[in-house]
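Asks: This structure is in structure tokens; I'll ask about it shortly.
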Amino acid sequence: MLSPLNKYFPIVALLASGLLFSCLSDEVIAENTSPTRPNFVVIFIDDMGYGDIGPFGSSQNSTPNLDRMAREGHKLTSFYVASPVCTPSRASLMTGCYPQRVGLERGSGHIVLFPGDHHGLHPDEITIAETLNKHGYATGCFGKWHLGDQPPFLPTAQGFDRYFGIPYSNDMWPHLRRFQCPLLPLLENDKVVDIVEDMDDQATLCRRFTQQAIDFIKSHKDEPFFVYLPHAFVHGPRLASPKFMQKAQTVEEAQVEEVDWSVGQILDTLRNEGLDHNTLVLFTSDNGPAGGLSAGPLRGRKGSAYEGGHREPTVAWWPGTIPANSSTDEIITALDIHPTFAKLAGTAAPADRIIDGHINTNVLLGKPDAKTPYKQFFYQQGGKLAAVRSGNWKLFTNGELYNLQTDLGEKSNVAAEHPAVVARLDDLLSKFAAEVTDNARPVGLYPNAKTLAPRPGIEGRDAYIPTLKLPLRK
Ligand SMILES: [Ca+2]
């Protein structure tokens with residue numbers, strides 16, 4: 001059914017999504033576009049908080065490789081993900097759209113997708129991997145996917161030439177007894193090739209995904225490549241490799257330090273192969289800290305619309321192009337990765353649909369005096385729109401108002417003193433809620449879904465029937 005808003009679609013959608021501003025920033029950066037197609041590496045940690053690494057003030061964890069990456073690169077202190085939980089955050093990174101735009105603001109009856117879920121990222125969505133792959137890039141995904149485990153939803157059906165990893169979270173295994181999950185499979189492309197049986201296997205995941213990424217980089221060094229390395233670390237259940245467990249005080253510290261080792265391995269590979277001056281590496285996390293990890297000075301954790309849930313410890317590195325030892329506090333988000341990387345590669349994110357992200361090249365690359373194209377950014381909680389940031393003001397749907405410039409920790413609700421600001425931001429929330437509802441695209445659906453691996457102790461086909469109540473959403 002057509003809604004009244006659809007009649008005004010071009011103007012309303014452009015205004016609401018900020019595409020007008022994308023076009024403007026597009027013009028500004030045209031002269032900065034690299035003549036050759038750069039390589040891209042996105043290192044995406046699971047559940048790591050704003051305060052967990054050295055460049056963002058951690059004194060608990062030793063992260064010499066990330067410290068060096070920040071010294072040689074650009075620290076993004078206002079980098080946001082579009083959701084504080086796994087599936088919606090990843091849907092946004094891949095598409096450049098708010099999660100509700102692509103029908104993945106939550107899973108089916110749960111906040112994220114589960115094993116054998118009949119929902120996933122719709123095959124008609126264009127991922128950043130598809131955009132780059134069509135433009136001649138070799139594309140590899142090594143780690144946790146979590147955008148659907150049925151055939152049309154897997155990475156190799158969504159633009160990746162090669163995949164090795166776990167299809168969803170590492171705690172979705174038989175040891176999580178309340179959900180009676182199947183065995184936790186490791187996939188190579190779309191085939192189950194191994195099972196994560198126990199904690200010793202869990203401890204190998206950082207090493208294995210890192211090695212796969214390195215092998216892919218080496219074998220594609222003569223063509224442009226896009227490597228997406230979504231680590232299973234530091235999501236629970238947690239165990240790191242023995243050499244990291246031995247020297248750390250806690251398992252969280254050991255896992256952060258092994259992730260830091262992984263970063264060092266990737267950057268060393270790029271240096272040793274002579275690829276560092278033509279490769280942009282982005283390090284960040286999918287959502288705020290889970291238990292045992294740190295949001296630093298921020299309020300809120302994984303799952304929250306406070307800054308700690310959405311603002312991630314982010315470093316960009318591209319020697320010779322990104323200035324060393326630089327930083328910015330301008331807003332840049334996971335929504336921008338698809339349109340910005342596409343632009344840098346000499347192509348574009350799809351133009352036949354709304355893309356919420358911006359071409360945010362100048363902020364990403366640390367150009368002098370770069371300004372964010374964002375007039376507003378929207379936060380989620382529990383699969384619902386929960387807050388908006390505009391400038392330094394942040395208004396929650398429950399009426400709380402904070403000034404992030406003077407109150408980064410969101411301690412002091414000043415709504416009563418600024419009724420005009422509340423009214424302006426409340427209007428942004430209402431307009432976005434209406435626009436995104438009217439212009440949401442469908443979630444992917446795969447009827448009669450089966451799990452990829454069996455539940456232990458059950459014979460035959462029954463072992464592959466999902467045990468969760470997974471209602472159809474649309
Ligand atoms: Ca996560």
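Note on naming: chains are A, B, ... as they come in the structure tokens, residues start from 1 per chain, ligands start from 1 in the order shown.
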Please, which residues have at least one atom within 7 Å of an atom of ligand 1, using only C-alpha atoms and all ligand atoms, listed as an MDAnalysis selection string?

Replies: chainID A and resid 46:47 85:86 235 286:287

Asks: As a PyMOL selection string, list the residues of region 212-274 of chain A assigned to helix (DSSP H, G or I) by DSSP on the backbone atoms of this structure.

Replies: chain A and resi 212-219+242-247+251-272

Asks: Those same residues, written as a compact mmCIF listing (two decimals), in the first residue's frame with C-alpha atoms?

Replies:
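What landed in out_17.txt:
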# COMPACT_ATOMS: atom_id res chain seq x y z
CA GLN A 212 42.88 -16.76 6.43
CA ALA A 213 42.91 -13.00 5.90
CA ILE A 214 46.70 -12.94 5.48
CA ASP A 215 46.60 -15.80 2.96
CA PHE A 216 43.90 -13.96 1.00
CA ILE A 217 45.89 -10.69 0.96
CA LYS A 218 49.02 -12.48 -0.25
CA SER A 219 47.21 -14.36 -2.99
CA PRO A 242 47.79 -19.87 25.55
CA LYS A 243 50.56 -17.29 25.06
CA PHE A 244 48.07 -14.47 25.65
CA MET A 245 46.32 -16.24 28.55
CA GLN A 246 49.66 -16.75 30.30
CA LYS A 247 50.62 -13.10 30.53
CA VAL A 251 40.55 -13.43 29.85
CA GLU A 252 39.17 -10.13 28.51
CA GLU A 253 42.66 -8.63 28.60
CA ALA A 254 44.06 -11.73 26.86
CA GLN A 255 41.47 -11.50 24.12
CA VAL A 256 41.99 -7.77 23.52
CA GLU A 257 45.74 -8.37 23.35
CA GLU A 258 45.30 -11.20 20.87
CA VAL A 259 43.10 -8.96 18.72
CA ASP A 260 45.93 -6.41 18.89
CA TRP A 261 48.33 -9.14 17.73
CA SER A 262 45.97 -9.82 14.81
CA VAL A 263 46.07 -6.14 13.82
CA GLY A 264 49.88 -6.26 13.89
CA GLN A 265 49.90 -9.35 11.67
CA ILE A 266 47.64 -7.70 9.08
CA LEU A 267 49.61 -4.41 9.01
CA ASP A 268 52.96 -6.26 8.85
CA THR A 269 51.67 -8.34 5.93
CA LEU A 270 50.67 -5.16 4.08
CA ARG A 271 54.08 -3.59 4.79
CA ASN A 272 56.03 -6.70 3.81

Asks: Find the residues near Gln381 (chain A): any atom within 9 Å, counting only C-alpha atoms, skip ones fewer than 3 places away on the same chain, and give them as a list in words.

Replies: Ser83, Pro84, Val85, Gly303, Ser304, Ala305, Gly309, Lys384, Leu385, Ala386 and Ala387 of chain A

Asks: Give me a file of those residues, with N, CA and C atoms, as a tab-separated table (two decimals), in the first residue's frame.

Replies:
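So part05.tsv came out as:
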chain	number	residue	atom	x	y	z
A	83	SER	N	23.66	0.41	15.37
A	83	SER	CA	22.88	-0.35	16.36
A	83	SER	C	23.84	-0.86	17.42
A	84	PRO	N	23.38	-1.01	18.66
A	84	PRO	CA	24.26	-1.51	19.72
A	84	PRO	C	24.29	-3.04	19.85
A	85	VAL	N	23.76	-3.77	18.85
A	85	VAL	CA	23.86	-5.24	18.85
A	85	VAL	C	24.26	-5.74	17.46
A	303	GLY	N	23.97	-2.84	23.68
A	303	GLY	CA	22.52	-2.85	23.79
A	303	GLY	C	21.91	-1.50	24.09
A	304	SER	N	22.75	-0.49	24.38
A	304	SER	CA	22.25	0.80	24.86
A	304	SER	C	22.34	1.89	23.81
A	305	ALA	N	21.38	2.83	23.88
A	305	ALA	CA	21.42	4.01	22.99
A	305	ALA	C	22.28	5.12	23.57
A	309	GLY	N	27.05	2.44	23.87
A	309	GLY	CA	26.52	1.37	23.03
A	309	GLY	C	26.84	1.53	21.57
A	384	LYS	N	14.48	-0.57	18.22
A	384	LYS	CA	13.64	0.61	17.97
A	384	LYS	C	14.47	1.88	17.96
A	385	LEU	N	13.98	2.87	17.22
A	385	LEU	CA	14.58	4.20	17.24
A	385	LEU	C	14.58	4.72	18.68
A	386	ALA	N	15.74	5.20	19.16
A	386	ALA	CA	15.81	5.56	20.57
A	386	ALA	C	16.36	6.96	20.84
A	387	ALA	N	17.10	7.54	19.88
A	387	ALA	CA	17.69	8.87	20.13
A	387	ALA	C	18.18	9.46	18.83

Asks: With a distance cut-off of 9 Å and only C-alpha atoms, select the neighbouring residues of Arg162 (chain A), excluding the residue or stretch itself and same-chain residues fewer than 4 positions from it, and output the selection as a PyMOL selection string.

Replies: chain A and resi 138-142+155-156+188-189+216

Asks: Which residues, written as a PDB file with C-alpha atoms, in the first residue's frame, have at least one atom at most 8 Å from region 441-455 of chain A, with only C-alpha atoms counted and residues fewer than 5 positions away on the same chain left out?

Replies:
ATOM      1  CA  ARG A 101      15.666   0.468   6.299  1.00  0.00           C
ATOM      2  CA  VAL A 102      16.676  -3.114   5.380  1.00  0.00           C
ATOM      3  CA  GLY A 103      14.272  -4.896   7.761  1.00  0.00           C
ATOM      4  CA  LEU A 104      16.999  -6.077  10.127  1.00  0.00           C
ATOM      5  CA  PRO A 115      20.768 -20.627  14.016  1.00  0.00           C
ATOM      6  CA  GLY A 116      18.352 -21.795  11.319  1.00  0.00           C
ATOM      7  CA  ASP A 117      16.637 -18.411  11.211  1.00  0.00           C
ATOM      8  CA  HIS A 118      14.420 -18.032   8.149  1.00  0.00           C
ATOM      9  CA  HIS A 119      15.271 -14.338   8.017  1.00  0.00           C
ATOM     10  CA  GLY A 120      18.445 -12.688   6.794  1.00  0.00           C
ATOM     11  CA  LEU A 121      19.825  -9.772   4.804  1.00  0.00           C
ATOM     12  CA  HIS A 122      17.660  -9.663   1.662  1.00  0.00           C
ATOM     13  CA  PRO A 123      19.517 -10.963  -1.418  1.00  0.00           C
ATOM     14  CA  ASP A 149      22.792 -18.668   7.812  1.00  0.00           C
ATOM     15  CA  GLN A 150      20.544 -19.901   4.973  1.00  0.00           C
ATOM     16  CA  PRO A 152      20.807 -16.904  -0.048  1.00  0.00           C
ATOM     17  CA  PHE A 153      22.053 -14.968   2.978  1.00  0.00           C
ATOM     18  CA  PRO A 174      25.144 -26.514  22.594  1.00  0.00           C
ATOM     19  CA  GLN A 180      19.324 -26.000  22.605  1.00  0.00           C
ATOM     20  CA  CYS A 181      21.491 -24.723  19.761  1.00  0.00           C
ATOM     21  CA  PRO A 182      23.074 -26.987  17.154  1.00  0.00           C
ATOM     22  CA  LEU A 183      26.815 -27.563  16.939  1.00  0.00           C
ATOM     23  CA  LEU A 184      28.736 -24.382  16.036  1.00  0.00           C
ATOM     24  CA  PRO A 185      29.941 -24.793  12.435  1.00  0.00           C
ATOM     25  CA  VAL A 192      30.514 -26.730   6.799  1.00  0.00           C
ATOM     26  CA  ALA A 463      18.527 -32.686  14.307  1.00  0.00           C
ATOM     27  CA  TYR A 464      18.469 -29.756  11.825  1.00  0.00           C
ATOM     28  CA  ILE A 465      15.104 -28.265  12.831  1.00  0.00           C
ATOM     29  CA  PRO A 466      15.545 -24.877  14.555  1.00  0.00           C
ATOM     30  CA  LYS A 474       6.293  -9.744   7.667  1.00  0.00           C
TER      31      LYS A 474
END

Asks: Could you name the residues that touch Arg301 (chain A) at 7 Å or less, counting only C-alpha atoms, but leaving out those on the same chain fewer than 5 positions away, as JSON, numbers by chain?

Replies: {"A": [288, 289, 290, 295, 308, 309]}

Asks: What's around Leu335 (chain A) at 7 Å? Count only C-alpha atoms, leave out sequence neighbours fewer than 3 positions away in its own chain, and write the answer as a list of chain:residue names.

Replies: A:Ser92, A:Leu93, A:Gly96, A:Cys97, A:His338, A:Asp356, A:Gly357

Asks: Generate a file of the selected residues that holds N, CA and C atoms, formatted as a PDB file, in the first residue's frame.

Replies:
ATOM      1  N   SER A  92      23.963  -2.726   8.697  1.00  0.00           N
ATOM      2  CA  SER A  92      24.238  -1.334   8.321  1.00  0.00           C
ATOM      3  C   SER A  92      25.618  -1.173   7.708  1.00  0.00           C
ATOM      4  N   LEU A  93      26.605  -1.841   8.292  1.00  0.00           N
ATOM      5  CA  LEU A  93      27.957  -1.774   7.735  1.00  0.00           C
ATOM      6  C   LEU A  93      27.960  -2.266   6.293  1.00  0.00           C
ATOM      7  N   GLY A  96      25.153   0.237   4.156  1.00  0.00           N
ATOM      8  CA  GLY A  96      25.164   1.697   4.220  1.00  0.00           C
ATOM      9  C   GLY A  96      23.813   2.274   4.611  1.00  0.00           C
ATOM     10  N   CYS A  97      22.941   1.431   5.166  1.00  0.00           N
ATOM     11  CA  CYS A  97      21.581   1.860   5.517  1.00  0.00           C
ATOM     12  C   CYS A  97      21.300   1.607   6.994  1.00  0.00           C
ATOM     13  N   HIS A 338      30.226   1.998   3.114  1.00  0.00           N
ATOM     14  CA  HIS A 338      29.878   1.557   1.752  1.00  0.00           C
ATOM     15  C   HIS A 338      30.002   2.706   0.738  1.00  0.00           C
ATOM     16  N   ASP A 356      21.466   5.515   3.479  1.00  0.00           N
ATOM     17  CA  ASP A 356      21.458   6.500   4.561  1.00  0.00           C
ATOM     18  C   ASP A 356      22.838   7.099   4.832  1.00  0.00           C
ATOM     19  N   GLY A 357      23.897   6.351   4.540  1.00  0.00           N
ATOM     20  CA  GLY A 357      25.240   6.827   4.825  1.00  0.00           C
ATOM     21  C   GLY A 357      25.674   7.929   3.876  1.00  0.00           C
TER      22      GLY A 357
END

Asks: What does the distance from CA of Gln202 (chain A) to CA of Trp145 (chain A) come to in Å, to one decimal?

Replies: 15.9 Å
